[in-house]
Amino acid sequence: MAHASITQDKIDVSALTDLVAGASNGAVCTFIGQVRRNSRGREVAYLEYQAYVPMAQKQLFRIAEEAEQRWGVEVAIQHRIGRMELCEASVVVVVGSPHRAPSFEACRYCIDTLKERVPIWKKEVCPDGSFWIEGEEAIEVSDAPREVNP
């Protein structure tokens with residue numbers, strides 16, 4: 001059965017692994033997305049994630065279910081929101097499967113699809129400013145309202 005959640009707490013990778021590492025699974029594939037120091041040529045101090053939690057949770061669960069049905073695997077996904085420091089996990093996908101190939105494929109599907117469909121937004125906070133991230137694009141956060149020309 002699929003497991004998926006949004007949390008403000010640090011992600012417990014071992015607890016997620018335990019959900020899918022049953023005796024029938026000979027492979028457990030884990031993806032951990034963590035806060036890195038440099039992004040797009042800027043030094044990152046920390047990240048902040050925000051989400052529309054009811055929809056995000058529902059989408060995470062759907063993605064996990066889709067992977068389970070498509071590859072015959074077991075999936076656990078957890079995404080963290082709030083402030084995260086360098087090296088802290090922001091998202092974890094764990095897939096258990098009798099064989100390695102389906103676990104790798106399902107794990108990749110889950111993280112790639114999550115990035116496309118789940119309403120979670122990342123803000124990189126850097127010494128030279130803050131930036132909302134949309135794919136590869138960084139949009140500077142401004143505290144002052146900007147005028148819009150009609």
# chains A, B, ... in the order shown; residues from 1 in each chain; ligands from 1

$ residues_around --residues "A:Pro127" --least-positions-apart "2" --cutoff "8 Å" --atoms "only C-alpha atoms" --output "CSV table (one decimal) with C-alpha atoms, in the first residue's frame"
chain,number,residue,atom,x,y,z
A,43,GLU,CA,25.7,30.3,-2.6
A,44,VAL,CA,22.6,29.0,-0.8
A,45,ALA,CA,22.2,29.7,3.0
A,125,VAL,CA,17.7,32.1,0.5
A,129,GLY,CA,18.8,37.8,-1.9

$ select_by_dssp --residues "stretch 28-133 of chain A" --states "strand (DSSP E)" --output "ChimeraX atom specification"
/A:28-34,38-39,42-43,46-51,74-80,82-85,89-97,120-126,129-133

$ residues_around --residues "A:Ala21" --least-positions-apart "5" --cutoff "8 Å" --atoms "only C-alpha atoms" --output "PyMOL selection string"
chain A and resi 27-28+96

$ write_last_selection --atoms "all heavy atoms" --output "JSON list (two decimals), in the first residue's frame"
[["chain", "number", "residue", "atom", "x", "y", "z"],
["A", 27, "ALA", "N", 14.98, -5.68, -3.44],
["A", 27, "ALA", "CA", 15.61, -4.40, -3.79],
["A", 27, "ALA", "C", 14.86, -3.28, -3.09],
["A", 27, "ALA", "O", 13.63, -3.28, -3.04],
["A", 27, "ALA", "CB", 15.57, -4.19, -5.30],
["A", 28, "VAL", "N", 15.62, -2.34, -2.57],
["A", 28, "VAL", "CA", 15.05, -1.11, -2.02],
["A", 28, "VAL", "C", 15.86, 0.04, -2.61],
["A", 28, "VAL", "O", 17.07, 0.13, -2.40],
["A", 28, "VAL", "CB", 15.11, -1.07, -0.48],
["A", 28, "VAL", "CG1", 14.60, 0.27, 0.04],
["A", 28, "VAL", "CG2", 14.29, -2.21, 0.12],
["A", 96, "GLY", "N", 10.35, -0.32, -2.71],
["A", 96, "GLY", "CA", 10.71, -1.72, -2.49],
["A", 96, "GLY", "C", 10.13, -2.57, -3.61],
["A", 96, "GLY", "O", 9.01, -2.35, -4.06]]

$ closest_atom_pairs --of "stretch 31-57 of chain A" --to "stretch 87-93 of chain A" --cutoff "12 Å" --atoms "only C-alpha atoms" --output "JSON lines"
{"residue": "A:Phe31", "atom": "CA", "partner": "A:Val93", "partner_atom": "CA", "distance": 5.1}
{"residue": "A:Ile32", "atom": "CA", "partner": "A:Val92", "partner_atom": "CA", "distance": 4.6}
{"residue": "A:Gly33", "atom": "CA", "partner": "A:Val91", "partner_atom": "CA", "distance": 5.1}
{"residue": "A:Gln34", "atom": "CA", "partner": "A:Ala89", "partner_atom": "CA", "distance": 4.1}
{"residue": "A:Val35", "atom": "CA", "partner": "A:Cys87", "partner_atom": "CA", "distance": 5.0}
{"residue": "A:Arg36", "atom": "CA", "partner": "A:Cys87", "partner_atom": "CA", "distance": 6.2}
{"residue": "A:Arg37", "atom": "CA", "partner": "A:Cys87", "partner_atom": "CA", "distance": 8.2}
{"residue": "A:Asn38", "atom": "CA", "partner": "A:Cys87", "partner_atom": "CA", "distance": 11.5}
{"residue": "A:Val44", "atom": "CA", "partner": "A:Cys87", "partner_atom": "CA", "distance": 11.2}
{"residue": "A:Ala45", "atom": "CA", "partner": "A:Cys87", "partner_atom": "CA", "distance": 11.0}
{"residue": "A:Tyr46", "atom": "CA", "partner": "A:Cys87", "partner_atom": "CA", "distance": 9.5}
{"residue": "A:Leu47", "atom": "CA", "partner": "A:Ser90", "partner_atom": "CA", "distance": 9.0}
{"residue": "A:Glu48", "atom": "CA", "partner": "A:Ser90", "partner_atom": "CA", "distance": 9.5}
{"residue": "A:Tyr49", "atom": "CA", "partner": "A:Ser90", "partner_atom": "CA", "distance": 8.3}
{"residue": "A:Gln50", "atom": "CA", "partner": "A:Ser90", "partner_atom": "CA", "distance": 11.3}

$ write_last_selection --atoms "N, CA, C and O atoms" --output "PDB file, in the first residue's frame"
ATOM      1  N   PHE A  31      15.763   7.566  -3.021  1.00  0.00           N
ATOM      2  CA  PHE A  31      16.198   8.866  -3.531  1.00  0.00           C
ATOM      3  C   PHE A  31      16.033   9.868  -2.402  1.00  0.00           C
ATOM      4  O   PHE A  31      14.957   9.962  -1.804  1.00  0.00           O
ATOM      5  N   ILE A  32      17.100  10.610  -2.113  1.00  0.00           N
ATOM      6  CA  ILE A  32      17.055  11.666  -1.111  1.00  0.00           C
ATOM      7  C   ILE A  32      17.446  12.969  -1.790  1.00  0.00           C
ATOM      8  O   ILE A  32      18.559  13.098  -2.306  1.00  0.00           O
ATOM      9  N   GLY A  33      16.512  13.917  -1.804  1.00  0.00           N
ATOM     10  CA  GLY A  33      16.825  15.259  -2.290  1.00  0.00           C
ATOM     11  C   GLY A  33      17.206  16.095  -1.085  1.00  0.00           C
ATOM     12  O   GLY A  33      16.450  16.161  -0.120  1.00  0.00           O
ATOM     13  N   GLN A  34      18.396  16.709  -1.125  1.00  0.00           N
ATOM     14  CA  GLN A  34      18.840  17.460   0.043  1.00  0.00           C
ATOM     15  C   GLN A  34      19.283  18.863  -0.362  1.00  0.00           C
ATOM     16  O   GLN A  34      19.548  19.133  -1.535  1.00  0.00           O
ATOM     17  N   VAL A  35      19.364  19.739   0.617  1.00  0.00           N
ATOM     18  CA  VAL A  35      19.751  21.125   0.398  1.00  0.00           C
ATOM     19  C   VAL A  35      21.245  21.187   0.079  1.00  0.00           C
ATOM     20  O   VAL A  35      22.065  20.684   0.841  1.00  0.00           O
ATOM     21  N   ARG A  36      21.554  21.801  -1.057  1.00  0.00           N
ATOM     22  CA  ARG A  36      22.954  21.930  -1.460  1.00  0.00           C
ATOM     23  C   ARG A  36      23.430  23.370  -1.282  1.00  0.00           C
ATOM     24  O   ARG A  36      22.629  24.302  -1.273  1.00  0.00           O
ATOM     25  N   ARG A  37      24.735  23.530  -1.194  1.00  0.00           N
ATOM     26  CA  ARG A  37      25.325  24.845  -0.917  1.00  0.00           C
ATOM     27  C   ARG A  37      25.242  25.807  -2.103  1.00  0.00           C
ATOM     28  O   ARG A  37      25.064  26.998  -1.929  1.00  0.00           O
ATOM     29  N   ASN A  38      25.384  25.292  -3.324  1.00  0.00           N
ATOM     30  CA  ASN A  38      25.404  26.149  -4.508  1.00  0.00           C
ATOM     31  C   ASN A  38      24.293  25.766  -5.464  1.00  0.00           C
ATOM     32  O   ASN A  38      24.043  24.591  -5.699  1.00  0.00           O
ATOM     33  N   VAL A  44      23.917  29.152  -1.453  1.00  0.00           N
ATOM     34  CA  VAL A  44      22.631  29.013  -0.766  1.00  0.00           C
ATOM     35  C   VAL A  44      22.882  28.952   0.737  1.00  0.00           C
ATOM     36  O   VAL A  44      23.720  28.177   1.202  1.00  0.00           O
ATOM     37  N   ALA A  45      22.145  29.766   1.490  1.00  0.00           N
ATOM     38  CA  ALA A  45      22.242  29.742   2.955  1.00  0.00           C
ATOM     39  C   ALA A  45      21.302  28.679   3.526  1.00  0.00           C
ATOM     40  O   ALA A  45      21.673  27.906   4.399  1.00  0.00           O
ATOM     41  N   TYR A  46      20.067  28.651   3.009  1.00  0.00           N
ATOM     42  CA  TYR A  46      19.068  27.659   3.404  1.00  0.00           C
ATOM     43  C   TYR A  46      17.914  27.715   2.412  1.00  0.00           C
ATOM     44  O   TYR A  46      17.854  28.603   1.561  1.00  0.00           O
ATOM     45  N   LEU A  47      17.001  26.753   2.492  1.00  0.00           N
ATOM     46  CA  LEU A  47      15.811  26.716   1.632  1.00  0.00           C
ATOM     47  C   LEU A  47      14.559  26.834   2.484  1.00  0.00           C
ATOM     48  O   LEU A  47      14.551  26.437   3.649  1.00  0.00           O
ATOM     49  N   GLU A  48      13.504  27.316   1.856  1.00  0.00           N
ATOM     50  CA  GLU A  48      12.172  27.294   2.453  1.00  0.00           C
ATOM     51  C   GLU A  48      11.228  26.685   1.420  1.00  0.00           C
ATOM     52  O   GLU A  48      11.229  27.097   0.266  1.00  0.00           O
ATOM     53  N   TYR A  49      10.474  25.696   1.856  1.00  0.00           N
ATOM     54  CA  TYR A  49       9.461  25.089   0.994  1.00  0.00           C
ATOM     55  C   TYR A  49       8.081  25.431   1.533  1.00  0.00           C
ATOM     56  O   TYR A  49       7.861  25.404   2.745  1.00  0.00           O
ATOM     57  N   GLN A  50       7.176  25.746   0.613  1.00  0.00           N
ATOM     58  CA  GLN A  50       5.775  25.976   0.956  1.00  0.00           C
ATOM     59  C   GLN A  50       4.934  25.062   0.081  1.00  0.00           C
ATOM     60  O   GLN A  50       5.346  24.674  -1.012  1.00  0.00           O
TER      61      GLN A  50
END

$ residues_around --residues "A:Thr17" --least-positions-apart "6" --cutoff "9 Å" --atoms "only C-alpha atoms" --output "list of chain:residue names"
A:Val28, A:Cys29, A:Thr30, A:Ala76, A:Val94, A:Val95, A:Gly96

$ residues_around --residues "A:Val53" --least-positions-apart "6" --cutoff "10 Å" --atoms "only C-alpha atoms" --output "ChimeraX atom specification"
/A:5-7,59,81,118-120

$ write_last_selection --atoms "all heavy atoms" --output "compact mmCIF listing (two decimals), in the first residue's frame"
# COMPACT_ATOMS: atom_id res chain seq x y z
N SER A 5 3.31 11.56 2.37
CA SER A 5 2.96 12.60 3.34
C SER A 5 3.82 13.84 3.17
O SER A 5 4.89 13.80 2.57
CB SER A 5 3.08 12.07 4.76
OG SER A 5 4.42 11.71 5.03
N ILE A 6 3.31 14.91 3.73
CA ILE A 6 4.01 16.19 3.84
C ILE A 6 4.29 16.37 5.33
O ILE A 6 3.44 16.09 6.17
CB ILE A 6 3.12 17.36 3.36
CG1 ILE A 6 2.62 17.14 1.94
CG2 ILE A 6 3.85 18.69 3.51
CD1 ILE A 6 3.64 17.25 0.87
N THR A 7 5.49 16.86 5.65
CA THR A 7 5.85 17.05 7.05
C THR A 7 6.63 18.33 7.24
O THR A 7 7.27 18.82 6.31
CB THR A 7 6.67 15.85 7.59
OG1 THR A 7 6.89 16.01 8.98
CG2 THR A 7 8.00 15.72 6.86
N GLN A 59 -1.75 14.54 -4.26
CA GLN A 59 -0.96 14.27 -5.46
C GLN A 59 0.18 13.30 -5.17
O GLN A 59 0.46 12.40 -5.97
CB GLN A 59 -0.41 15.56 -6.06
CG GLN A 59 -1.45 16.40 -6.76
CD GLN A 59 -2.01 15.71 -7.98
OE1 GLN A 59 -1.32 14.99 -8.70
NE2 GLN A 59 -3.30 15.91 -8.22
N ILE A 81 8.25 20.57 4.34
CA ILE A 81 8.02 21.99 4.09
C ILE A 81 8.60 22.78 5.26
O ILE A 81 8.91 22.23 6.31
CB ILE A 81 6.52 22.31 3.88
CG1 ILE A 81 5.68 21.86 5.07
CG2 ILE A 81 6.02 21.70 2.59
CD1 ILE A 81 4.22 22.29 4.99
N VAL A 118 3.14 18.24 -8.20
CA VAL A 118 2.77 18.51 -6.81
C VAL A 118 2.98 20.00 -6.49
O VAL A 118 4.04 20.55 -6.75
CB VAL A 118 3.59 17.62 -5.85
CG1 VAL A 118 3.19 17.89 -4.41
CG2 VAL A 118 3.36 16.15 -6.19
N PRO A 119 1.95 20.66 -5.92
CA PRO A 119 2.03 22.09 -5.62
C PRO A 119 2.89 22.38 -4.38
O PRO A 119 2.38 22.63 -3.29
CB PRO A 119 0.57 22.50 -5.42
CG PRO A 119 -0.09 21.26 -4.93
CD PRO A 119 0.62 20.12 -5.60
N ILE A 120 4.20 22.29 -4.60
CA ILE A 120 5.19 22.62 -3.57
C ILE A 120 6.14 23.62 -4.21
O ILE A 120 6.60 23.41 -5.33
CB ILE A 120 5.95 21.37 -3.10
CG1 ILE A 120 4.99 20.39 -2.42
CG2 ILE A 120 7.09 21.75 -2.15
CD1 ILE A 120 5.61 19.06 -2.01

$ select_by_dssp --residues "chain A" --states "alpha helix (DSSP H)" --output "number ranges by chain"
A: 13-20, 53-71, 100-117

$ closest_residue --among "A:Leu60, A:Ile11, A:Ala2, A:Ile133" --to "A:Gly72" --atoms "only C-alpha atoms"
A:Ala2

$ closest_residue --among "A:Met1, A:Glu74, A:Gln57, A:Glu134" --to "A:Glu116" --atoms "only C-alpha atoms"
A:Glu134

$ atom_distance --atom1 "atom CA of A:Ile139" --atom2 "atom CA of A:Arg83"
18.4 Å

$ closest_residue --among "A:Gln78, A:Ser24, A:Ser130, A:Ser97" --to "A:Leu114" --atoms "only C-alpha atoms"
A:Gln78
